[in-house]
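Reproduced below: query09.cif, with mmCIF, C-alpha atoms.
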data_entry
#
loop_
_atom_site.label_atom_id
_atom_site.label_comp_id
_atom_site.auth_asym_id
_atom_site.auth_seq_id
_atom_site.Cartn_x
_atom_site.Cartn_y
_atom_site.Cartn_z
CA ASN A 1316 -2.63 -43.76 28.12
CA ALA A 1317 -0.37 -41.61 30.34
CA GLY A 1318 -0.53 -38.43 28.21
CA VAL A 1319 2.47 -36.15 28.82
CA THR A 1320 4.89 -37.20 31.54
CA GLN A 1321 7.78 -35.21 33.01
CA THR A 1322 10.62 -36.15 35.31
CA PRO A 1323 11.78 -35.14 37.81
CA LYS A 1324 8.97 -33.33 39.66
CA PHE A 1325 11.37 -31.28 41.77
CA ARG A 1326 15.08 -30.51 41.57
CA ILE A 1327 17.54 -28.23 43.30
CA LEU A 1328 20.70 -27.33 41.41
CA LYS A 1329 23.78 -25.39 42.36
CA ILE A 1330 24.93 -22.54 40.14
CA GLY A 1331 26.96 -23.92 37.25
CA GLN A 1332 25.53 -27.44 37.37
CA SER A 1333 23.78 -29.03 34.40
CA MET A 1334 20.76 -31.26 34.12
CA THR A 1335 18.24 -32.70 31.69
CA LEU A 1336 14.50 -32.41 32.15
CA GLN A 1337 12.74 -35.36 30.62
CA CYS A 1338 9.46 -35.20 28.72
CA ALA A 1339 7.58 -38.00 27.00
CA GLN A 1340 4.17 -38.33 25.37
CA ASP A 1341 2.29 -41.41 24.21
CA MET A 1342 -0.28 -39.71 21.98
CA ASN A 1343 1.83 -39.84 18.79
CA HIS A 1344 1.83 -36.04 18.64
CA ASN A 1345 4.23 -34.33 16.26
CA TYR A 1346 4.27 -30.97 18.02
CA MET A 1347 6.03 -30.66 21.36
CA TYR A 1348 6.87 -27.60 23.43
CA TRP A 1349 8.83 -26.49 26.46
CA TYR A 1350 7.53 -23.55 28.49
CA ARG A 1351 8.71 -21.96 31.69
CA GLN A 1352 6.50 -20.28 34.28
CA ASP A 1353 8.05 -17.76 36.61
CA PRO A 1354 6.26 -16.96 39.90
CA GLY A 1355 2.98 -15.11 39.36
CA MET A 1356 3.37 -15.11 35.60
CA GLY A 1357 2.05 -16.86 32.55
CA LEU A 1358 4.04 -19.40 30.54
CA LYS A 1359 6.77 -18.45 28.07
CA LEU A 1360 7.97 -20.61 25.18
CA ILE A 1361 11.55 -21.88 25.42
CA TYR A 1362 11.83 -24.36 22.51
CA TYR A 1363 9.51 -26.32 20.32
CA SER A 1364 9.58 -29.21 17.87
CA VAL A 1365 7.32 -29.97 14.92
CA GLY A 1366 8.54 -33.54 14.55
CA ALA A 1367 11.42 -35.91 15.19
CA GLY A 1368 14.70 -34.28 14.22
CA ILE A 1369 13.21 -30.76 13.93
CA THR A 1370 13.54 -28.22 16.73
CA ASP A 1371 13.61 -24.44 16.96
CA LYS A 1372 13.88 -21.62 19.47
CA GLY A 1373 11.00 -19.89 21.19
CA GLU A 1374 10.99 -16.56 23.04
CA VAL A 1375 13.41 -17.42 25.88
CA PRO A 1376 15.91 -20.05 24.63
CA ASN A 1377 19.13 -18.74 26.20
CA GLY A 1378 20.75 -21.24 28.54
CA TYR A 1379 18.81 -24.22 27.19
CA ASN A 1380 19.14 -26.87 24.50
CA VAL A 1381 16.77 -29.51 23.18
CA SER A 1382 16.82 -32.59 21.00
CA ARG A 1383 14.08 -34.67 19.41
CA SER A 1384 15.36 -38.06 18.27
CA THR A 1385 11.97 -39.79 18.58
CA THR A 1386 8.33 -38.71 18.32
CA GLU A 1387 7.77 -39.60 21.96
CA ASP A 1388 10.64 -37.82 23.75
CA PHE A 1389 11.64 -34.17 23.96
CA PRO A 1390 14.30 -33.57 26.64
CA LEU A 1391 15.35 -30.08 27.73
CA ARG A 1392 18.99 -29.58 28.70
CA LEU A 1393 20.13 -26.85 31.08
CA GLU A 1394 23.82 -26.02 30.82
CA LEU A 1395 25.56 -23.98 33.53
CA ALA A 1396 22.48 -23.38 35.66
CA ALA A 1397 21.87 -19.81 36.86
CA PRO A 1398 19.48 -18.44 39.53
CA SER A 1399 17.45 -16.82 36.71
CA GLN A 1400 16.50 -20.33 35.59
CA THR A 1401 14.60 -20.97 38.82
CA SER A 1402 11.13 -21.65 37.48
CA VAL A 1403 8.50 -24.28 36.82
CA TYR A 1404 9.03 -26.03 33.50
CA PHE A 1405 6.13 -27.44 31.52
CA CYS A 1406 6.30 -29.74 28.55
CA ALA A 1407 3.30 -29.88 26.20
CA SER A 1408 2.27 -31.69 23.06
CA ARG A 1409 -0.44 -31.33 20.46
CA GLY A 1410 -1.65 -33.19 17.43
CA ASP A 1411 -1.79 -31.76 13.92
CA ARG A 1412 -5.32 -32.56 12.87
CA GLY A 1413 -6.34 -28.92 12.68
CA PRO A 1414 -6.41 -25.45 14.28
CA SER A 1415 -8.53 -26.56 17.22
CA ASP A 1416 -5.98 -29.08 18.41
CA THR A 1417 -5.36 -28.53 22.08
CA GLN A 1418 -1.98 -28.46 23.78
CA TYR A 1419 -1.84 -30.99 26.59
CA PHE A 1420 0.57 -30.25 29.39
CA GLY A 1421 2.69 -32.43 31.62
CA PRO A 1422 2.60 -31.98 35.40
CA GLY A 1423 5.64 -29.69 35.44
CA THR A 1424 9.13 -29.74 36.94
CA ARG A 1425 9.87 -27.27 39.72
CA LEU A 1426 13.53 -26.24 39.48
CA THR A 1427 15.43 -24.16 42.01
CA VAL A 1428 18.96 -22.92 41.32
CA LEU A 1429 20.91 -21.83 44.38
CA ALA B 322 3.53 -9.58 17.89
CA GLN B 323 0.75 -11.25 19.76
CA LYS B 324 -0.37 -10.15 23.18
CA ILE B 325 -2.82 -11.41 25.78
CA THR B 326 -4.02 -9.18 28.61
CA GLN B 327 -5.77 -10.31 31.75
CA THR B 328 -6.50 -7.23 33.85
CA GLN B 329 -7.90 -8.97 36.95
CA PRO B 330 -5.07 -10.29 39.14
CA GLY B 331 -7.62 -11.69 41.61
CA MET B 332 -11.35 -12.30 41.80
CA PHE B 333 -13.73 -13.45 44.52
CA VAL B 334 -17.07 -15.13 43.90
CA GLN B 335 -19.65 -16.71 46.14
CA GLU B 336 -20.35 -20.38 45.71
CA LYS B 337 -23.15 -21.10 43.21
CA GLU B 338 -22.83 -17.67 41.57
CA ALA B 339 -21.53 -16.97 38.06
CA VAL B 340 -18.24 -15.18 37.44
CA THR B 341 -16.62 -13.65 34.36
CA LEU B 342 -12.86 -13.61 33.89
CA ASP B 343 -11.66 -11.01 31.39
CA CYS B 344 -9.25 -11.56 28.52
CA THR B 345 -8.34 -9.23 25.68
CA TYR B 346 -5.97 -10.06 22.88
CA ASP B 347 -4.08 -8.38 20.11
CA THR B 348 -3.04 -9.97 16.85
CA SER B 349 -2.83 -9.05 13.19
CA ASP B 350 -3.34 -12.65 12.09
CA PRO B 351 -6.89 -13.36 10.83
CA SER B 352 -6.58 -17.01 11.89
CA TYR B 353 -6.04 -17.68 15.57
CA GLY B 354 -7.36 -19.72 18.45
CA LEU B 355 -8.15 -18.74 22.01
CA PHE B 356 -7.84 -21.11 24.95
CA TRP B 357 -8.52 -21.04 28.66
CA TYR B 358 -6.55 -23.17 31.08
CA LYS B 359 -7.06 -23.75 34.80
CA GLN B 360 -4.08 -24.14 37.14
CA PRO B 361 -5.05 -25.39 40.60
CA SER B 362 -2.70 -25.12 43.55
CA SER B 363 -1.25 -28.53 42.63
CA GLY B 364 0.28 -26.83 39.59
CA GLU B 365 -0.92 -28.75 36.55
CA MET B 366 -2.38 -26.98 33.52
CA ILE B 367 -5.91 -28.17 32.71
CA PHE B 368 -7.51 -27.31 29.38
CA LEU B 369 -11.00 -25.84 29.75
CA ILE B 370 -12.29 -24.41 26.49
CA TYR B 371 -11.31 -23.37 22.95
CA GLN B 372 -12.63 -20.71 20.54
CA GLY B 373 -11.49 -20.39 16.94
CA SER B 374 -11.34 -17.00 15.25
CA TYR B 375 -13.74 -18.13 12.53
CA ASP B 376 -16.21 -19.84 14.84
CA GLN B 377 -19.63 -18.21 14.57
CA GLN B 378 -20.92 -19.36 17.93
CA ASN B 379 -19.48 -18.94 21.39
CA ALA B 380 -17.85 -22.08 22.74
CA THR B 381 -19.37 -23.91 25.71
CA GLU B 382 -18.09 -26.83 27.80
CA GLY B 383 -20.32 -27.76 30.69
CA ARG B 384 -20.26 -24.88 33.21
CA TYR B 385 -17.70 -22.99 31.12
CA SER B 386 -18.56 -20.69 28.27
CA LEU B 387 -16.46 -18.27 26.29
CA ASN B 388 -17.92 -14.85 25.51
CA PHE B 389 -16.14 -14.12 22.21
CA GLN B 390 -16.43 -10.56 20.94
CA LYS B 391 -14.21 -10.42 17.87
CA ALA B 392 -14.59 -6.72 17.11
CA ARG B 393 -13.58 -5.84 20.68
CA LYS B 394 -10.86 -8.52 20.68
CA SER B 395 -12.11 -10.02 23.90
CA ALA B 396 -12.54 -13.65 24.95
CA ASN B 397 -13.96 -13.68 28.44
CA LEU B 398 -14.46 -16.91 30.37
CA VAL B 399 -17.78 -17.33 32.14
CA ILE B 400 -18.07 -19.92 34.89
CA SER B 401 -21.63 -20.62 35.93
CA ALA B 402 -22.67 -21.98 39.33
CA SER B 403 -19.21 -21.65 40.89
CA GLN B 404 -17.94 -24.48 43.05
CA LEU B 405 -15.27 -24.49 45.74
CA GLY B 406 -13.14 -26.64 43.43
CA ASP B 407 -13.07 -23.80 40.90
CA SER B 408 -10.63 -21.89 43.11
CA ALA B 409 -7.48 -21.71 40.98
CA MET B 410 -5.42 -19.59 38.61
CA TYR B 411 -6.98 -19.16 35.18
CA PHE B 412 -4.92 -18.40 32.09
CA CYS B 413 -6.11 -17.10 28.77
CA ALA B 414 -3.89 -18.08 25.84
CA MET B 415 -3.79 -17.47 22.11
CA ARG B 416 -2.51 -19.91 19.52
CA GLU B 417 -0.59 -18.43 16.66
CA GLY B 418 -1.96 -18.57 13.15
CA SER B 419 -0.98 -21.13 10.59
CA ASP B 420 1.73 -19.05 8.90
CA THR B 421 4.24 -19.44 11.71
CA GLY B 422 4.14 -23.22 11.64
CA ARG B 423 4.88 -23.71 15.30
CA ARG B 424 1.37 -23.06 16.66
CA ALA B 425 2.68 -22.21 20.10
CA LEU B 426 0.61 -20.49 22.78
CA THR B 427 1.03 -16.96 24.12
CA PHE B 428 -0.26 -16.69 27.69
CA GLY B 429 -1.70 -13.89 29.76
CA SER B 430 -0.53 -13.27 33.31
CA GLY B 431 -3.51 -15.07 34.82
CA THR B 432 -6.40 -14.37 37.20
CA ARG B 433 -6.57 -15.99 40.61
CA LEU B 434 -10.17 -16.96 41.38
CA GLN B 435 -11.27 -17.69 44.92
CA VAL B 436 -14.70 -19.21 45.50
CA GLN B 437 -16.13 -18.45 48.90
CA PRO B 438 -18.66 -20.68 50.68
#
Mind converting the file's structure to structure tokens?
Amino acid sequence: NAGVTQTPKFRILKIGQSMTLQCAQDMNHNYMYWYRQDPGMGLKLIYYSVGAGITDKGEVPNGYNVSRSTTEDFPLRLELAAPSQTSVYFCASRGDRGPSDTQYFGPGTRLTVL
Amino acid sequence: AQKITQTQPGMFVQEKEAVTLDCTYDTSDPSYGLFWYKQPSSGEMIFLIYQGSYDQQNATEGRYSLNFQKARKSANLVISASQLGDSAMYFCAMREGSDTGRRALTFGSGTRLQVQP
């Protein structure tokens, strides 16, 4: 049981490049989330999904896109990377058994845009 | 809108002593959940403890306890018998109520705890 996995761990992009951050979970969770963490700050919600085929924006969605074709995978796409997207990106998932369900986080992807 | 406030950017504690990390929250939703996560220098987010808004008793998990004062809207984390391995960033977070559907977390800015030998 691997939990939530993310690839890559680190990436450096040039301004204007694009990339996809991968996220997968093996806990059969319906809810999945993408957060970003800027230096010295807490996490902010980028996008979320409540099940395969259903996604919606969070607080800071500009410059990102997501898709959810399977329960397991929730990739985050960065188009036209900008220095403001330099951050650590966390994927998380949770079950839907009740209000106490905990969000479990992946190890994060550290992205630098130069 | 929900808000989480952690007013202590950094804290020091001696090994084996107890420490309290402060967290206050603001929400108009009667149903919410409060979480604490630990982020060591390696960067991962580790779940520590959960408190539901309707829970009558304070949550405890091993050396961690949550001092929940609903009327004051505070959810302080208490770590007993601090260990060197407790040195990390600690985040308080609130889960949205059921009406929004997404049940995402709103995070505070964190408290950096350093345990001294």
Compute the set of chain A residues within 9 Å of chain B, using only C-alpha atoms, and express it as an mmCIF file with C-alpha atoms, keeping the file's coordinate frame.
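To be explicit, this is the file written out as part-v4.cif:
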data_model
loop_
_atom_site.group_PDB
_atom_site.id
_atom_site.type_symbol
_atom_site.label_atom_id
_atom_site.label_comp_id
_atom_site.auth_asym_id
_atom_site.auth_seq_id
_atom_site.Cartn_x
_atom_site.Cartn_y
_atom_site.Cartn_z
ATOM 1 C CA TYR A 1346 4.270 -30.970 18.020
ATOM 2 C CA TYR A 1348 6.870 -27.600 23.430
ATOM 3 C CA GLY A 1355 2.980 -15.110 39.360
ATOM 4 C CA MET A 1356 3.370 -15.110 35.600
ATOM 5 C CA GLY A 1357 2.050 -16.860 32.550
ATOM 6 C CA LEU A 1358 4.040 -19.400 30.540
ATOM 7 C CA LYS A 1359 6.770 -18.450 28.070
ATOM 8 C CA LEU A 1360 7.970 -20.610 25.180
ATOM 9 C CA TYR A 1363 9.510 -26.320 20.320
ATOM 10 C CA SER A 1364 9.580 -29.210 17.870
ATOM 11 C CA VAL A 1365 7.320 -29.970 14.920
ATOM 12 C CA ASP A 1371 13.610 -24.440 16.960
ATOM 13 C CA GLY A 1373 11.000 -19.890 21.190
ATOM 14 C CA PHE A 1405 6.130 -27.440 31.520
ATOM 15 C CA PRO A 1414 -6.410 -25.450 14.280
ATOM 16 C CA SER A 1415 -8.530 -26.560 17.220
ATOM 17 C CA THR A 1417 -5.360 -28.530 22.080
ATOM 18 C CA GLN A 1418 -1.980 -28.460 23.780
ATOM 19 C CA TYR A 1419 -1.840 -30.990 26.590
ATOM 20 C CA PHE A 1420 0.570 -30.250 29.390
ATOM 21 C CA GLY A 1421 2.690 -32.430 31.620
ATOM 22 C CA PRO A 1422 2.600 -31.980 35.400
ATOM 23 C CA GLY A 1423 5.640 -29.690 35.440
#
Handout entry: For Thr326 of chain B: contacts at 8 Å, all atoms listed in the file, fewer than 2 positions along chain excluded, given as a PyMOL selection string
Key = chain B and resi 324+328+344-346+429-430
Exercise for the section: Please write as a list in words the full residue list that the PyMOL selection byres ((chain B and resi 375-387) around 6) yields on this file. Expected result: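 Listing what the PyMOL selection byres ((chain B and resi 375-387) around 6) selects in the shown file: Gln372, Gly373, Ser374, Asn388, Phe389, Asn397, Leu398, Val399, Ile400 and Ser401 of chain B.
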Problem - Exercise: Pro1390 of chain A partners within 8 Å, all atoms listed in the file, chain neighbours under 3 positions left out, as a PyMOL selection string - result: chain A and resi 1335-1338+1381-1383
Practice task
For atom CA of Ala1367 of chain A and atom CA of Leu1328 of chain A, determine how far apart the two atoms are, in Å to one decimal place.
Solution key: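 Separating atom CA of Ala1367 of chain A from atom CA of Leu1328 of chain A is a distance of 29.1 Å.
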